[in-house]
Each structure stands twice: as C-alpha cells, then as structure tokens.
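> Contents of entry-v3.csv (CSV, C-alpha atoms (C1' of nucleotides)):
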```csv
chain,number,residue,atom,x,y,z
A,18,MET,CA,0.0,0.0,0.0
A,19,LYS,CA,1.2,3.5,-0.7
A,20,LEU,CA,2.6,5.2,2.4
A,21,GLU,CA,0.2,8.0,1.9
A,22,GLU,CA,-2.7,5.7,2.5
A,23,GLU,CA,-0.9,3.8,5.2
A,24,LEU,CA,-0.5,7.0,7.2
A,25,LYS,CA,-3.7,8.6,5.9
A,26,GLN,CA,-1.7,11.5,4.7
A,27,THR,CA,-2.2,13.4,1.5
A,28,ARG,CA,1.3,14.5,0.7
A,29,PHE,CA,4.9,14.6,1.9
A,30,LYS,CA,7.2,17.5,1.5
A,31,ASP,CA,9.3,15.7,-1.1
A,32,GLU,CA,10.4,12.3,-2.1
A,33,TYR,CA,13.3,12.4,0.4
A,34,GLN,CA,11.1,13.0,3.4
A,35,LYS,CA,8.7,10.3,2.1
A,36,ALA,CA,11.6,7.9,1.8
A,37,MET,CA,12.8,8.6,5.3
A,38,LEU,CA,9.4,7.9,6.7
A,39,ASN,CA,8.9,5.0,4.4
A,40,ILE,CA,12.0,3.2,5.5
A,41,ILE,CA,11.3,3.7,9.2
A,42,PHE,CA,7.7,2.7,8.8
A,43,THR,CA,8.4,-0.4,6.7
A,44,GLY,CA,11.2,-1.4,9.1
A,45,ASN,CA,8.8,-1.2,11.9
A,46,TRP,CA,6.2,-3.0,10.0
A,47,LEU,CA,8.5,-5.9,9.3
A,48,GLU,CA,9.6,-6.0,12.9
A,49,VAL,CA,6.1,-6.2,14.2
A,50,TRP,CA,5.4,-8.9,11.8
A,51,THR,CA,8.3,-11.1,12.8
A,52,SER,CA,7.7,-10.4,16.5
A,53,GLN,CA,4.2,-11.7,16.0
A,54,ILE,CA,5.5,-15.0,14.8
A,55,LEU,CA,8.2,-15.2,17.4
A,56,LYS,CA,5.7,-14.6,20.2
A,57,GLN,CA,4.3,-18.1,19.9
A,58,TYR,CA,7.8,-19.3,20.7
A,59,ASP,CA,8.2,-16.9,23.6
A,60,LEU,CA,11.0,-15.0,22.0
A,61,SER,CA,11.4,-11.3,21.3
A,62,SER,CA,12.9,-10.4,18.0
A,63,GLN,CA,16.0,-9.2,19.8
A,64,GLN,CA,16.4,-12.5,21.5
A,65,PHE,CA,15.9,-14.3,18.2
A,66,ASN,CA,18.6,-12.1,16.7
A,67,VAL,CA,21.1,-12.9,19.4
A,68,LEU,CA,20.5,-16.6,19.0
A,69,ARG,CA,21.1,-16.4,15.3
A,70,ILE,CA,24.3,-14.5,15.9
A,71,LEU,CA,25.5,-17.2,18.3
A,72,ARG,CA,24.6,-19.9,15.8
A,73,GLY,CA,26.5,-18.0,13.2
A,74,SER,CA,29.7,-18.1,15.2
A,75,SER,CA,29.1,-21.6,16.6
A,76,PRO,CA,31.1,-23.6,17.7
A,77,SER,CA,33.2,-20.6,18.7
A,78,PRO,CA,31.7,-18.6,21.6
A,79,LEU,CA,31.3,-14.9,21.5
A,80,ASN,CA,31.6,-12.3,24.2
A,81,LEU,CA,29.1,-9.5,24.9
A,82,LEU,CA,30.8,-6.9,22.8
A,83,ASP,CA,31.0,-9.2,19.9
A,84,ILE,CA,27.2,-9.7,20.2
A,85,GLN,CA,26.5,-6.1,20.6
A,86,GLU,CA,28.4,-5.3,17.5
A,87,ARG,CA,26.3,-7.7,15.5
A,88,MET,CA,23.0,-6.7,16.9
A,89,MET,CA,20.4,-4.8,14.9
A,90,ASP,CA,19.8,-2.6,17.9
A,91,ARG,CA,23.0,-1.6,19.6
A,92,MET,CA,21.7,-0.7,23.1
A,93,SER,CA,23.3,-1.7,26.3
A,94,ASN,CA,20.8,-4.2,27.3
A,95,ALA,CA,22.9,-7.1,26.0
A,96,THR,CA,23.7,-8.3,29.5
A,97,ARG,CA,20.0,-8.7,30.4
A,98,LEU,CA,19.0,-10.1,27.0
A,99,VAL,CA,21.6,-12.8,27.3
A,100,GLU,CA,20.6,-13.5,30.9
A,101,LYS,CA,17.0,-14.1,29.7
A,102,LEU,CA,18.1,-16.5,27.1
A,103,ARG,CA,20.4,-18.3,29.6
A,104,GLN,CA,17.4,-18.7,32.0
A,105,LYS,CA,15.6,-20.4,29.2
A,106,GLY,CA,18.6,-22.7,28.7
A,107,LEU,CA,19.1,-21.5,25.1
A,108,LEU,CA,22.7,-20.4,25.7
A,109,THR,CA,25.5,-20.8,28.3
A,110,ARG,CA,27.9,-18.2,29.6
A,111,LYS,CA,31.1,-18.7,31.4
A,112,GLN,CA,33.9,-16.4,32.4
A,113,CYS,CA,36.8,-16.3,29.9
A,114,ASP,CA,39.9,-17.9,31.3
A,115,SER,CA,42.5,-15.8,29.5
A,116,ASN,CA,40.7,-12.5,30.2
A,117,ARG,CA,38.4,-12.7,33.1
A,118,ARG,CA,36.6,-9.5,32.2
A,119,LYS,CA,35.1,-11.3,29.3
A,120,VAL,CA,32.4,-13.9,29.2
A,121,GLU,CA,32.1,-16.7,26.6
A,122,ILE,CA,28.6,-17.0,25.4
A,123,GLU,CA,27.6,-20.1,23.4
A,124,ILE,CA,24.4,-21.4,22.0
A,125,THR,CA,23.2,-24.7,23.6
A,126,GLU,CA,21.7,-27.8,21.9
A,127,LYS,CA,18.3,-26.6,23.0
A,128,GLY,CA,19.0,-23.2,21.4
A,129,GLN,CA,20.1,-24.9,18.2
A,130,ALA,CA,17.0,-27.0,18.2
A,131,LEU,CA,14.7,-24.0,18.7
A,132,LEU,CA,16.3,-22.2,15.8
A,133,LYS,CA,16.0,-25.3,13.7
A,134,GLU,CA,12.3,-25.4,14.5
A,135,LEU,CA,12.0,-21.7,13.6
A,136,ASP,CA,13.9,-21.9,10.3
A,137,PRO,CA,11.0,-23.2,8.2
A,138,VAL,CA,8.5,-20.9,9.9
A,139,MET,CA,10.6,-17.9,9.0
A,140,GLU,CA,11.2,-19.3,5.6
A,141,LYS,CA,7.5,-19.4,5.0
A,142,SER,CA,7.0,-15.8,5.8
A,143,HIS,CA,9.9,-15.0,3.6
A,144,LEU,CA,8.0,-16.6,0.8
A,145,GLU,CA,5.3,-14.0,1.0
A,146,LEU,CA,8.0,-11.4,0.5
A,147,THR,CA,9.3,-13.3,-2.5
A,148,GLN,CA,5.9,-13.1,-4.1
A,149,LYS,CA,5.8,-9.3,-3.8
A,150,LEU,CA,9.3,-8.5,-5.1
A,151,THR,CA,11.6,-10.1,-7.6
A,152,VAL,CA,15.2,-10.9,-6.8
A,153,ALA,CA,16.3,-8.0,-8.9
A,154,GLU,CA,14.1,-5.7,-6.9
A,155,VAL,CA,15.3,-6.7,-3.5
A,156,ASN,CA,18.8,-6.5,-4.9
A,157,THR,CA,18.1,-2.9,-5.7
A,158,ILE,CA,16.7,-2.2,-2.3
A,159,ASN,CA,19.8,-3.7,-0.7
A,160,LYS,CA,22.1,-1.6,-2.9
A,161,LEU,CA,20.3,1.6,-2.3
A,162,LEU,CA,20.0,1.2,1.5
A,163,ASP,CA,23.7,0.4,1.7
A,164,LYS,CA,24.4,3.5,-0.3
A,165,LEU,CA,22.1,5.6,1.9
A,166,ARG,CA,24.0,4.6,5.1
A,167,ASP,CA,27.4,5.4,3.5
B,14,MET,CA,28.3,0.8,4.3
B,15,LYS,CA,27.4,-2.7,3.3
B,16,LEU,CA,25.1,-4.5,5.7
B,17,GLU,CA,27.6,-7.3,6.0
B,18,GLU,CA,30.2,-5.0,7.4
B,19,GLU,CA,27.7,-3.1,9.5
B,20,LEU,CA,26.7,-6.3,11.2
B,21,LYS,CA,30.1,-7.9,11.0
B,22,GLN,CA,28.5,-10.8,9.2
B,23,THR,CA,29.9,-12.7,6.3
B,24,ARG,CA,26.9,-13.8,4.5
B,25,PHE,CA,23.1,-13.9,4.5
B,26,LYS,CA,20.9,-16.7,3.4
B,27,ASP,CA,19.7,-15.0,0.4
B,28,GLU,CA,19.0,-11.5,-0.9
B,29,TYR,CA,15.5,-11.6,0.6
B,30,GLN,CA,16.8,-12.3,4.1
B,31,LYS,CA,19.3,-9.6,3.6
B,32,ALA,CA,16.7,-7.1,2.5
B,33,MET,CA,14.5,-7.9,5.5
B,34,LEU,CA,17.3,-7.2,7.9
B,35,ASN,CA,18.5,-4.3,5.8
B,36,ILE,CA,15.2,-2.5,6.0
B,37,ILE,CA,14.8,-3.0,9.7
B,38,PHE,CA,18.4,-2.0,10.4
B,39,THR,CA,18.3,1.1,8.2
B,40,GLY,CA,14.9,2.1,9.6
B,41,ASN,CA,16.4,1.8,13.1
B,42,TRP,CA,19.4,3.7,12.0
B,43,LEU,CA,17.4,6.6,10.7
B,44,GLU,CA,15.3,6.7,13.8
B,45,VAL,CA,18.3,6.8,16.1
B,46,TRP,CA,19.7,9.6,14.0
B,47,THR,CA,16.6,11.8,14.2
B,48,SER,CA,16.1,11.0,17.9
B,49,GLN,CA,19.6,12.3,18.5
B,50,ILE,CA,18.7,15.6,16.9
B,51,LEU,CA,15.3,15.8,18.7
B,52,LYS,CA,16.8,15.1,22.0
B,53,GLN,CA,18.2,18.7,22.1
B,54,TYR,CA,14.7,19.9,21.9
B,55,ASP,CA,13.5,17.5,24.6
B,56,LEU,CA,11.3,15.6,22.2
B,57,SER,CA,11.1,11.9,21.4
B,58,SER,CA,10.6,11.0,17.7
B,59,GLN,CA,7.2,9.8,18.5
B,60,GLN,CA,6.3,13.0,20.1
B,61,PHE,CA,7.6,14.9,17.1
B,62,ASN,CA,5.6,12.7,14.9
B,63,VAL,CA,2.4,13.5,16.7
B,64,LEU,CA,3.1,17.2,16.6
B,65,ARG,CA,3.6,17.0,12.8
B,66,ILE,CA,0.4,15.1,12.4
B,67,LEU,CA,-1.5,17.8,14.3
B,68,ARG,CA,0.1,20.5,12.3
B,69,GLY,CA,-0.9,18.6,9.2
B,70,SER,CA,-4.6,18.7,10.2
B,71,SER,CA,-4.5,22.2,11.7
B,72,PRO,CA,-6.7,24.2,12.2
B,73,SER,CA,-9.0,21.2,12.6
B,74,PRO,CA,-8.4,19.2,15.7
B,75,LEU,CA,-8.0,15.4,15.7
B,76,ASN,CA,-9.1,12.8,18.2
B,77,LEU,CA,-6.9,10.0,19.6
B,78,LEU,CA,-7.9,7.4,17.0
B,79,ASP,CA,-7.1,9.8,14.2
B,80,ILE,CA,-3.7,10.3,15.6
B,81,GLN,CA,-3.1,6.6,16.2
B,82,GLU,CA,-4.0,5.8,12.6
B,83,ARG,CA,-1.4,8.3,11.3
B,84,MET,CA,1.3,7.3,13.6
B,85,MET,CA,4.4,5.4,12.5
B,86,ASP,CA,4.1,3.2,15.5
B,87,ARG,CA,0.6,2.2,16.3
B,88,MET,CA,0.8,1.3,19.9
B,89,SER,CA,-1.7,2.2,22.5
B,90,ASN,CA,0.4,4.7,24.3
B,91,ALA,CA,-1.2,7.6,22.4
B,92,THR,CA,-3.0,8.8,25.5
B,93,ARG,CA,0.2,9.2,27.5
B,94,LEU,CA,2.1,10.6,24.6
B,95,VAL,CA,-0.5,13.3,24.1
B,96,GLU,CA,-0.5,14.0,27.8
B,97,LYS,CA,3.2,14.5,27.8
B,98,LEU,CA,2.9,17.0,25.0
B,99,ARG,CA,0.1,18.7,26.7
B,100,GLN,CA,2.2,19.1,29.9
B,101,LYS,CA,4.7,20.9,27.8
B,102,GLY,CA,2.1,23.2,26.4
B,103,LEU,CA,2.5,22.0,22.8
B,104,LEU,CA,-1.1,20.9,22.3
B,105,THR,CA,-4.5,21.2,23.9
B,106,ARG,CA,-7.1,18.7,24.5
B,107,LYS,CA,-10.8,19.1,25.3
B,108,GLN,CA,-13.8,16.8,25.3
B,109,CYS,CA,-15.7,16.8,22.1
B,110,ASP,CA,-19.1,18.4,22.5
B,111,SER,CA,-21.0,16.3,19.9
B,112,ASN,CA,-19.5,13.0,21.1
B,113,ARG,CA,-18.2,13.1,24.6
B,114,ARG,CA,-16.2,9.9,24.2
B,115,LYS,CA,-13.8,11.7,21.9
B,116,VAL,CA,-11.3,14.4,22.7
B,117,GLU,CA,-10.3,17.2,20.4
B,118,ILE,CA,-6.6,17.5,20.2
B,119,GLU,CA,-5.0,20.6,18.7
B,120,ILE,CA,-1.5,21.9,18.3
B,121,THR,CA,-0.9,25.2,20.2
B,122,GLU,CA,1.0,28.3,19.0
B,123,LYS,CA,3.9,27.1,21.1
B,124,GLY,CA,3.8,23.8,19.3
B,125,GLN,CA,3.7,25.5,15.9
B,126,ALA,CA,6.6,27.6,16.9
B,127,LEU,CA,8.6,24.6,18.0
B,128,LEU,CA,8.0,22.8,14.7
B,129,LYS,CA,8.9,25.9,12.8
B,130,GLU,CA,12.2,26.0,14.7
B,131,LEU,CA,12.8,22.3,13.9
B,132,ASP,CA,11.9,22.5,10.2
B,133,PRO,CA,15.3,23.9,9.1
B,134,VAL,CA,17.2,21.6,11.4
B,135,MET,CA,15.5,18.6,10.0
B,136,GLU,CA,15.8,20.0,6.5
B,137,LYS,CA,19.6,20.2,7.0
B,138,SER,CA,19.8,16.5,7.9
B,139,HIS,CA,17.7,15.7,4.9
B,140,LEU,CA,20.4,17.4,2.8
B,141,GLU,CA,22.9,14.8,3.9
B,142,LEU,CA,20.5,12.2,2.5
B,143,THR,CA,20.2,14.1,-0.7
B,144,GLN,CA,23.9,13.9,-1.2
B,145,LYS,CA,23.9,10.1,-1.0
B,146,LEU,CA,21.0,9.3,-3.2
B,147,THR,CA,19.5,10.9,-6.3
B,148,VAL,CA,15.8,11.7,-6.6
B,149,ALA,CA,15.4,8.8,-9.0
B,150,GLU,CA,16.9,6.5,-6.4
B,151,VAL,CA,14.7,7.6,-3.5
B,152,ASN,CA,11.8,7.3,-5.9
B,153,THR,CA,12.8,3.7,-6.5
B,154,ILE,CA,13.0,3.0,-2.8
B,155,ASN,CA,9.6,4.5,-2.2
B,156,LYS,CA,8.0,2.4,-5.0
B,157,LEU,CA,9.6,-0.8,-3.9
B,158,LEU,CA,8.8,-0.4,-0.3
B,159,ASP,CA,5.2,0.4,-1.1
B,160,LYS,CA,5.1,-2.7,-3.2
B,161,LEU,CA,6.6,-4.8,-0.5
B,162,ARG,CA,3.9,-3.8,2.0
B,163,ASP,CA,1.1,-4.6,-0.5
C,8,DC,C1',55.3,-2.4,43.0
C,9,DC,C1',52.0,1.3,42.8
C,10,DC,C1',49.2,4.3,40.3
C,11,DT,C1',46.3,5.4,36.7
C,12,DA,C1',43.8,4.5,32.6
C,13,DA,C1',41.3,1.5,29.7
C,14,DC,C1',38.4,-2.3,29.2
C,15,DA,C1',34.3,-5.6,29.7
C,16,DC,C1',30.6,-6.1,31.8
C,17,DT,C1',26.8,-5.2,35.3
C,18,DT,C1',23.5,-2.6,37.8
C,19,DG,C1',20.3,1.3,39.1
C,20,DT,C1',17.0,4.2,37.7
C,21,DA,C1',13.9,6.7,35.1
C,22,DT,C1',11.2,6.3,31.1
C,23,DA,C1',8.8,4.0,27.4
C,24,DT,C1',6.1,0.3,25.5
C,25,DA,C1',2.9,-3.6,24.9
C,26,DC,C1',-1.2,-5.7,26.1
C,27,DA,C1',-5.1,-6.4,28.7
C,28,DA,C1',-8.6,-4.7,31.7
C,29,DT,C1',-11.6,-1.1,32.7
C,30,DA,C1',-14.6,2.9,32.2
C,31,DA,C1',-17.7,5.9,30.1
C,32,DA,C1',-20.6,7.4,26.3
C,33,DA,C1',-23.3,6.4,22.3
C,34,DG,C1',-26.0,3.5,19.3
C,35,DT,C1',-29.4,-0.2,18.7
C,36,DA,C1',-33.2,-3.3,19.6
C,37,DC,C1',-37.0,-4.3,22.1
D,15,DG,C1',-36.8,3.2,29.4
D,16,DT,C1',-33.7,-1.1,29.8
D,17,DA,C1',-30.4,-4.4,28.2
D,18,DC,C1',-26.9,-5.2,24.9
D,19,DT,C1',-23.1,-4.0,21.9
D,20,DT,C1',-19.8,-0.9,20.0
D,21,DT,C1',-16.9,3.0,20.2
D,22,DT,C1',-13.4,5.8,22.3
D,23,DA,C1',-10.2,6.6,25.6
D,24,DT,C1',-7.8,5.6,30.1
D,25,DT,C1',-5.4,2.9,33.4
D,26,DG,C1',-2.7,-1.0,35.5
D,27,DT,C1',0.9,-3.9,35.1
D,28,DA,C1',4.7,-6.3,33.5
D,29,DT,C1',8.5,-5.9,30.5
D,30,DA,C1',11.9,-3.5,27.7
D,31,DT,C1',15.0,0.2,26.9
D,32,DA,C1',18.3,4.1,27.3
D,33,DC,C1',21.7,6.2,29.8
D,34,DA,C1',24.7,6.9,33.5
D,35,DA,C1',27.2,5.1,37.3
D,36,DG,C1',29.5,1.4,39.4
D,37,DT,C1',32.4,-3.0,39.7
D,38,DG,C1',36.1,-5.9,38.9
D,39,DT,C1',40.1,-6.9,35.7
D,40,DT,C1',43.9,-6.0,32.9
D,41,DA,C1',47.6,-3.1,30.9
D,42,DG,C1',51.1,0.4,30.9
D,43,DG,C1',54.2,3.8,32.9
D,44,DG,C1',57.3,5.3,36.3
```
Mind converting the file's structure to structure tokens?

Amino acid sequence: MKLEEELKQTRFKDEYQKAMLNIIFTGNWLEVWTSQILKQYDLSSQQFNVLRILRGSSPSPLNLLDIQERMMDRMSNATRLVEKLRQKGLLTRKQCDSNRRKVEIEITEKGQALLKELDPVMEKSHLELTQKLTVAEVNTINKLLDKLRD
Amino acid sequence: MKLEEELKQTRFKDEYQKAMLNIIFTGNWLEVWTSQILKQYDLSSQQFNVLRILRGSSPSPLNLLDIQERMMDRMSNATRLVEKLRQKGLLTRKQCDSNRRKVEIEITEKGQALLKELDPVMEKSHLELTQKLTVAEVNTINKLLDKLRD
DNA sequence: CCCTAACACTTGTATATACAATAAAAGTAC
DNA sequence: GTACTTTTATTGTATATACAAGTGTTAGGG
C-alpha cells in the first residue's frame, strides 16, 4: 500500500522526506510482523537475533561486545538479554579464562533445536515477501539502502 | 556501508533475508539519528511525529484514534504521549461536544513555533540524505517499499 | 610495586512500550 | 426506558529500553 494511504496523509514534503518515513515505517512493519510470529515461541525479535548471531559463530563462543556489534539494535541491554536466554537454557555463559573481564557465550543444543524449528517458519514468511518483489528488486533495495548509510 | 560490514557478518541466506534485515536495520538507524537531533529539543521521535500530524490537520483538531491511525508506531500509548505534549504546552485537548467519548486535540501556538524552529534543522539533515541518493533513487526506494507492503 | 587508565561487563533508575482490563458514552433493539 | 453492543479513551501492570554510574580486571608507565 502507498505510504500516503498507510499513514492517511495526503502529501509529503518531497520524495526524500517520504523515503525517510517509508524506511522507518516499513522497518517497523517488518519488525512487528516477525515479532508476532516469534511470540508463539516466547522469543522477542532481539532475543531471536542474538540466538542467530550465536549460531552463526558456533562452535566458537562470543563475548558480549561481539554480540553487541552484530546486533540490529545496539543498546546496552545485552547483559540482560543474554541472561534471559540463559534462563531459558538457550545459551551458556562462562567467564573467559584468558581474560576474566570477558564472558564466553555459546548457544546450547536446546537453542540450536529451537532455531531449527523456527527456520522453516521464518522461511515461510519470507516466501510472502518473495511473491511481492523479484530478486532484482530486493537487490536494488539492498544496494540503495547500503548506499544511503554510507 | 554494506550491511555485511555493518553487522560484521559474512553472508546472509539470500537477498530476501538480507533485504529484510537491511530495511529493519536502516529504519532503526534513521530513527536513532533523528532521535539524536530531537533530544536537544526534549522531544522523542514519537512526540515529534504526533506534533507534525497535528500541524498537518490544523486548524482542525484530531481525536486520539485519528492520531493513532497516522502514527508510524501504532501502539496504544497515544493517551500518554499526548498527555506529555500537553504538559509541555505543545497541544491542547478538550472533550468533544458532539460526542463526549472523543477528545479534540489541537496543536498550540507554542507547538507550531517549536516545529517551525525544527523545520530547518530537519531539512539540514535531509540534505545529507540528498547527497547520498538521487531523486530517482529515492523514488525507486519508495516504489519498492510500497510494493513490499502490499 | 604502585598508580592510573582503559576495558568488559553489570546494575540502578527513570522512562517507554505492549497488552489487557476497565470505564464511560453512544447506538441499537426491544 | 432497559439491556446489549460498539466506540473511544484511560489505566494498570509487566516488561523493555536508554543512559549513567558502578564493579572488577587488565595493561602500561614510572
């Protein structure tokens, strides 16, 4: 749907302003959508994100800063986020031997299993996206957004 | 910067997954950026958004649902958001005569003045965007994002 | 060895947000 | 008018988040 209809607005100042709002709005929209799916698995999208990051580096552990650098949302709640996931048994954390300031965080079997369960679910919602845009089009989006953040 | 570098990640599953993350990440990035600017004016980006919505409809007032419909973020905190702005004297609210369930919310002179002060500031940060992408390119982004949300 | 600075993480606190429950007014049916 | 439903907004509560201050660890200089 056009952003104008989405926000019940008749006009924007220029295409730049519209793009700005459009990206923020669409990002939000996608986030809400995935959060909705993840809720059934009792995961927030941030938590899911952290788990995927850990799977990505597995079997090597990561420390908090590593995770923070890779997160979509760079706030300083990484400690508490990781703690939540630890309580659910989805990851482990132990003090690093060589540098005791650091912690080594690793995804558990249970975490891996949960992600494995989620993969096809996420894949399925990806499919809807596939039907709306061609590969060439998403490619264009990726190129332009990367350029925008330069 | 490429999303891969931004998130220190080597690869994504496919262009669709990358686009998904790219849009969310870039939206976030833009939000953080504008929030930073607005902080000097003691406004959150949501509050700013509400003010602009009210200016858009001025001199007609809006009720809470109208505002909610036009917001980027459709949560149910509209009551409290509006109350915050009222405390700052940036808007007024009064019970609607014809339908006393509704409230009529209107931007004040002070609110108008604040937005007027902010216009050039925001415009300036728009300019940075302008330097990164051509009009044709932002047009493409707008078209593709609208299509994505169809 | 001591002092200071930098680092990696944690915690406190104030604020924001999501979601559900509630309240009050209006509309509808009888 | 009374009972029911719907609309519109508010409040309560639990959780999340941002930012600053604090803790413990390591590193470097003298």
> Work out how far apart atom CA of Asn152 of chain B and atom CA of Glu23 of chain A are and give it in Å to one decimal.
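That distance, rounded to one decimal, is 17.2 Å.
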> Just give me the residues with any atom within 12 Å of (29.6, -3.2, 30.3), file coordinates, counting only C-alpha atoms (C1' of nucleotides), written as a ChimeraX atom specification.
/A:80-82,85,92-97,118-120 /C:14-18 /D:34-38
> Kindly give the distance, in Å, that separates atom CA of Glu123 of chain A and atom CA of Lys111 of chain A, rounded to a single decimal.
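These two atoms are separated by 8.8 Å.
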> Near chain A, which residues of chain D fall within 9 Å when you count all atoms listed in the file, and what do they look like as a PyMOL selection string?
chain D and resi 30-33+38-40
> Rank C:DC37, C:DA12, C:DA25, C:DA31 by their smallest atom-to-atom distance to chain A, using only C-alpha atoms (C1' of nucleotides), and report the top residue only.
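The shortest atom-to-atom distance to chain A comes from C:DA25.
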> If you measure from atom CA of Asp163 of chain A to atom CA of Thr39 of chain B, what distance in Å do you get, rounded to one decimal?
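Distance reported for this atom pair: 8.5 Å.
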> Pick out the closest residue to chain B from this set: A:Ala130, A:Ile158, A:Val49, A:Cys113. Count all atoms listed in the file.
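Result for the nearest residue to chain B: A:Ile158.
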> Show me, as a Markdown table, the residues of chain B having an atom within 8 Å of chain A, each with the closest atom pair and its distance in Å, using only C-alpha atoms.

```
| residue | atom | partner | partner_atom | distance |
| --- | --- | --- | --- | --- |
| B:Met14 | CA | A:Asp167 | CA | 4.8 |
| B:Lys15 | CA | A:Asp163 | CA | 5.1 |
| B:Leu16 | CA | A:Asp163 | CA | 6.5 |
| B:Glu19 | CA | A:Arg87 | CA | 7.7 |
| B:Leu20 | CA | A:Arg87 | CA | 4.5 |
| B:Lys21 | CA | A:Arg87 | CA | 5.9 |
| B:Gln22 | CA | A:Arg87 | CA | 7.4 |
| B:Glu28 | CA | A:Asn156 | CA | 6.4 |
| B:Tyr29 | CA | A:Val155 | CA | 6.4 |
| B:Gln30 | CA | A:His143 | CA | 7.4 |
| B:Lys31 | CA | A:Asn159 | CA | 7.3 |
| B:Ala32 | CA | A:Asn159 | CA | 5.6 |
| B:Met33 | CA | A:Leu47 | CA | 7.4 |
| B:Asn35 | CA | A:Asn159 | CA | 6.7 |
| B:Ile36 | CA | A:Gly44 | CA | 5.2 |
| B:Ile37 | CA | A:Gly44 | CA | 4.0 |
| B:Phe38 | CA | A:Met89 | CA | 5.7 |
| B:Thr39 | CA | A:Leu162 | CA | 6.9 |
| B:Gly40 | CA | A:Ile41 | CA | 4.0 |
| B:Asn41 | CA | A:Ile41 | CA | 6.7 |
| B:Leu43 | CA | A:Ile41 | CA | 6.9 |
| B:Glu44 | CA | A:Ile41 | CA | 6.8 |
| B:Glu82 | CA | A:Leu24 | CA | 6.5 |
| B:Arg83 | CA | A:Leu24 | CA | 4.4 |
| B:Met84 | CA | A:Leu24 | CA | 6.7 |
| B:Met85 | CA | A:Phe42 | CA | 5.6 |
| B:Asp86 | CA | A:Asn45 | CA | 7.4 |
| B:His139 | CA | A:Tyr33 | CA | 7.1 |
| B:Leu142 | CA | A:Leu165 | CA | 6.8 |
| B:Thr143 | CA | A:Tyr33 | CA | 7.2 |
| B:Lys145 | CA | A:Leu165 | CA | 5.6 |
| B:Leu146 | CA | A:Leu165 | CA | 6.4 |
| B:Val148 | CA | A:Glu32 | CA | 7.1 |
| B:Glu150 | CA | A:Leu161 | CA | 7.2 |
| B:Val151 | CA | A:Ala36 | CA | 6.1 |
| B:Asn152 | CA | A:Glu32 | CA | 6.4 |
| B:Ile154 | CA | A:Ile158 | CA | 6.4 |
| B:Asn155 | CA | A:Ala36 | CA | 5.6 |
| B:Leu157 | CA | A:Glu154 | CA | 7.3 |
| B:Leu158 | CA | A:Thr43 | CA | 7.0 |
| B:Asp159 | CA | A:Lys19 | CA | 5.1 |
| B:Lys160 | CA | A:Met18 | CA | 6.6 |
| B:Leu161 | CA | A:Lys149 | CA | 5.6 |
| B:Arg162 | CA | A:Met18 | CA | 5.8 |
| B:Asp163 | CA | A:Met18 | CA | 4.8 |
```
> Could you list, as a list in words, every residue within 12 Å of Lys101 of chain B, counting all atoms listed in the file and ignoring same-chain residues fewer than 3 positions away?
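Final neighbour list, sorted by chain and number: Tyr54, Asp55, Leu56, Gln60, Leu64, Leu94, Val95, Glu96, Lys97, Leu98, Leu104, Thr105, Ile120, Thr121, Lys123, Gly124 and Leu127 of chain B.
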> Find the residues in chain C near chain B: any atom within 12 Å counts, using only C-alpha atoms (C1' of nucleotides). Write them as a short mmCIF file (atom, residue, chain, number, x, y, z; two decimals) with C-alpha atoms (C1' of nucleotides), in the frame of the given file.

```cif
data_model
loop_
_atom_site.label_atom_id
_atom_site.label_comp_id
_atom_site.auth_asym_id
_atom_site.auth_seq_id
_atom_site.Cartn_x
_atom_site.Cartn_y
_atom_site.Cartn_z
"C1'" DT C 22 11.20 6.30 31.10
"C1'" DA C 23 8.80 4.00 27.40
"C1'" DT C 24 6.10 0.30 25.50
"C1'" DA C 25 2.90 -3.60 24.90
"C1'" DC C 26 -1.20 -5.70 26.10
"C1'" DA C 27 -5.10 -6.40 28.70
"C1'" DA C 30 -14.60 2.90 32.20
"C1'" DA C 31 -17.70 5.90 30.10
"C1'" DA C 32 -20.60 7.40 26.30
"C1'" DA C 33 -23.30 6.40 22.30
"C1'" DG C 34 -26.00 3.50 19.30
#
```
> Could you give me, as number ranges by chain, the residues that sit within 8 Å of (33.7, -21.3, 22.0) in the file's coordinates, counting all atoms listed in the file?
A: 75-79, 121-123
> For the selection just defined, write its residues with C-alpha atoms to a file, as an mmCIF file, keeping the file's coordinate frame.

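Listed below is the output, again.cif:
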```cif
data_model
loop_
_atom_site.group_PDB
_atom_site.id
_atom_site.type_symbol
_atom_site.label_atom_id
_atom_site.label_comp_id
_atom_site.auth_asym_id
_atom_site.auth_seq_id
_atom_site.Cartn_x
_atom_site.Cartn_y
_atom_site.Cartn_z
ATOM 1 C CA SER A 75 29.100 -21.600 16.600
ATOM 2 C CA PRO A 76 31.100 -23.600 17.700
ATOM 3 C CA SER A 77 33.200 -20.600 18.700
ATOM 4 C CA PRO A 78 31.700 -18.600 21.600
ATOM 5 C CA LEU A 79 31.300 -14.900 21.500
ATOM 6 C CA GLU A 121 32.100 -16.700 26.600
ATOM 7 C CA ILE A 122 28.600 -17.000 25.400
ATOM 8 C CA GLU A 123 27.600 -20.100 23.400
#
```
> Nearest to Asp136 of chain A among B:Lys26, B:Gln49, B:Arg65, B:Gln59, with distances taken over all atoms listed in the file: which residue is it?
B:Lys26
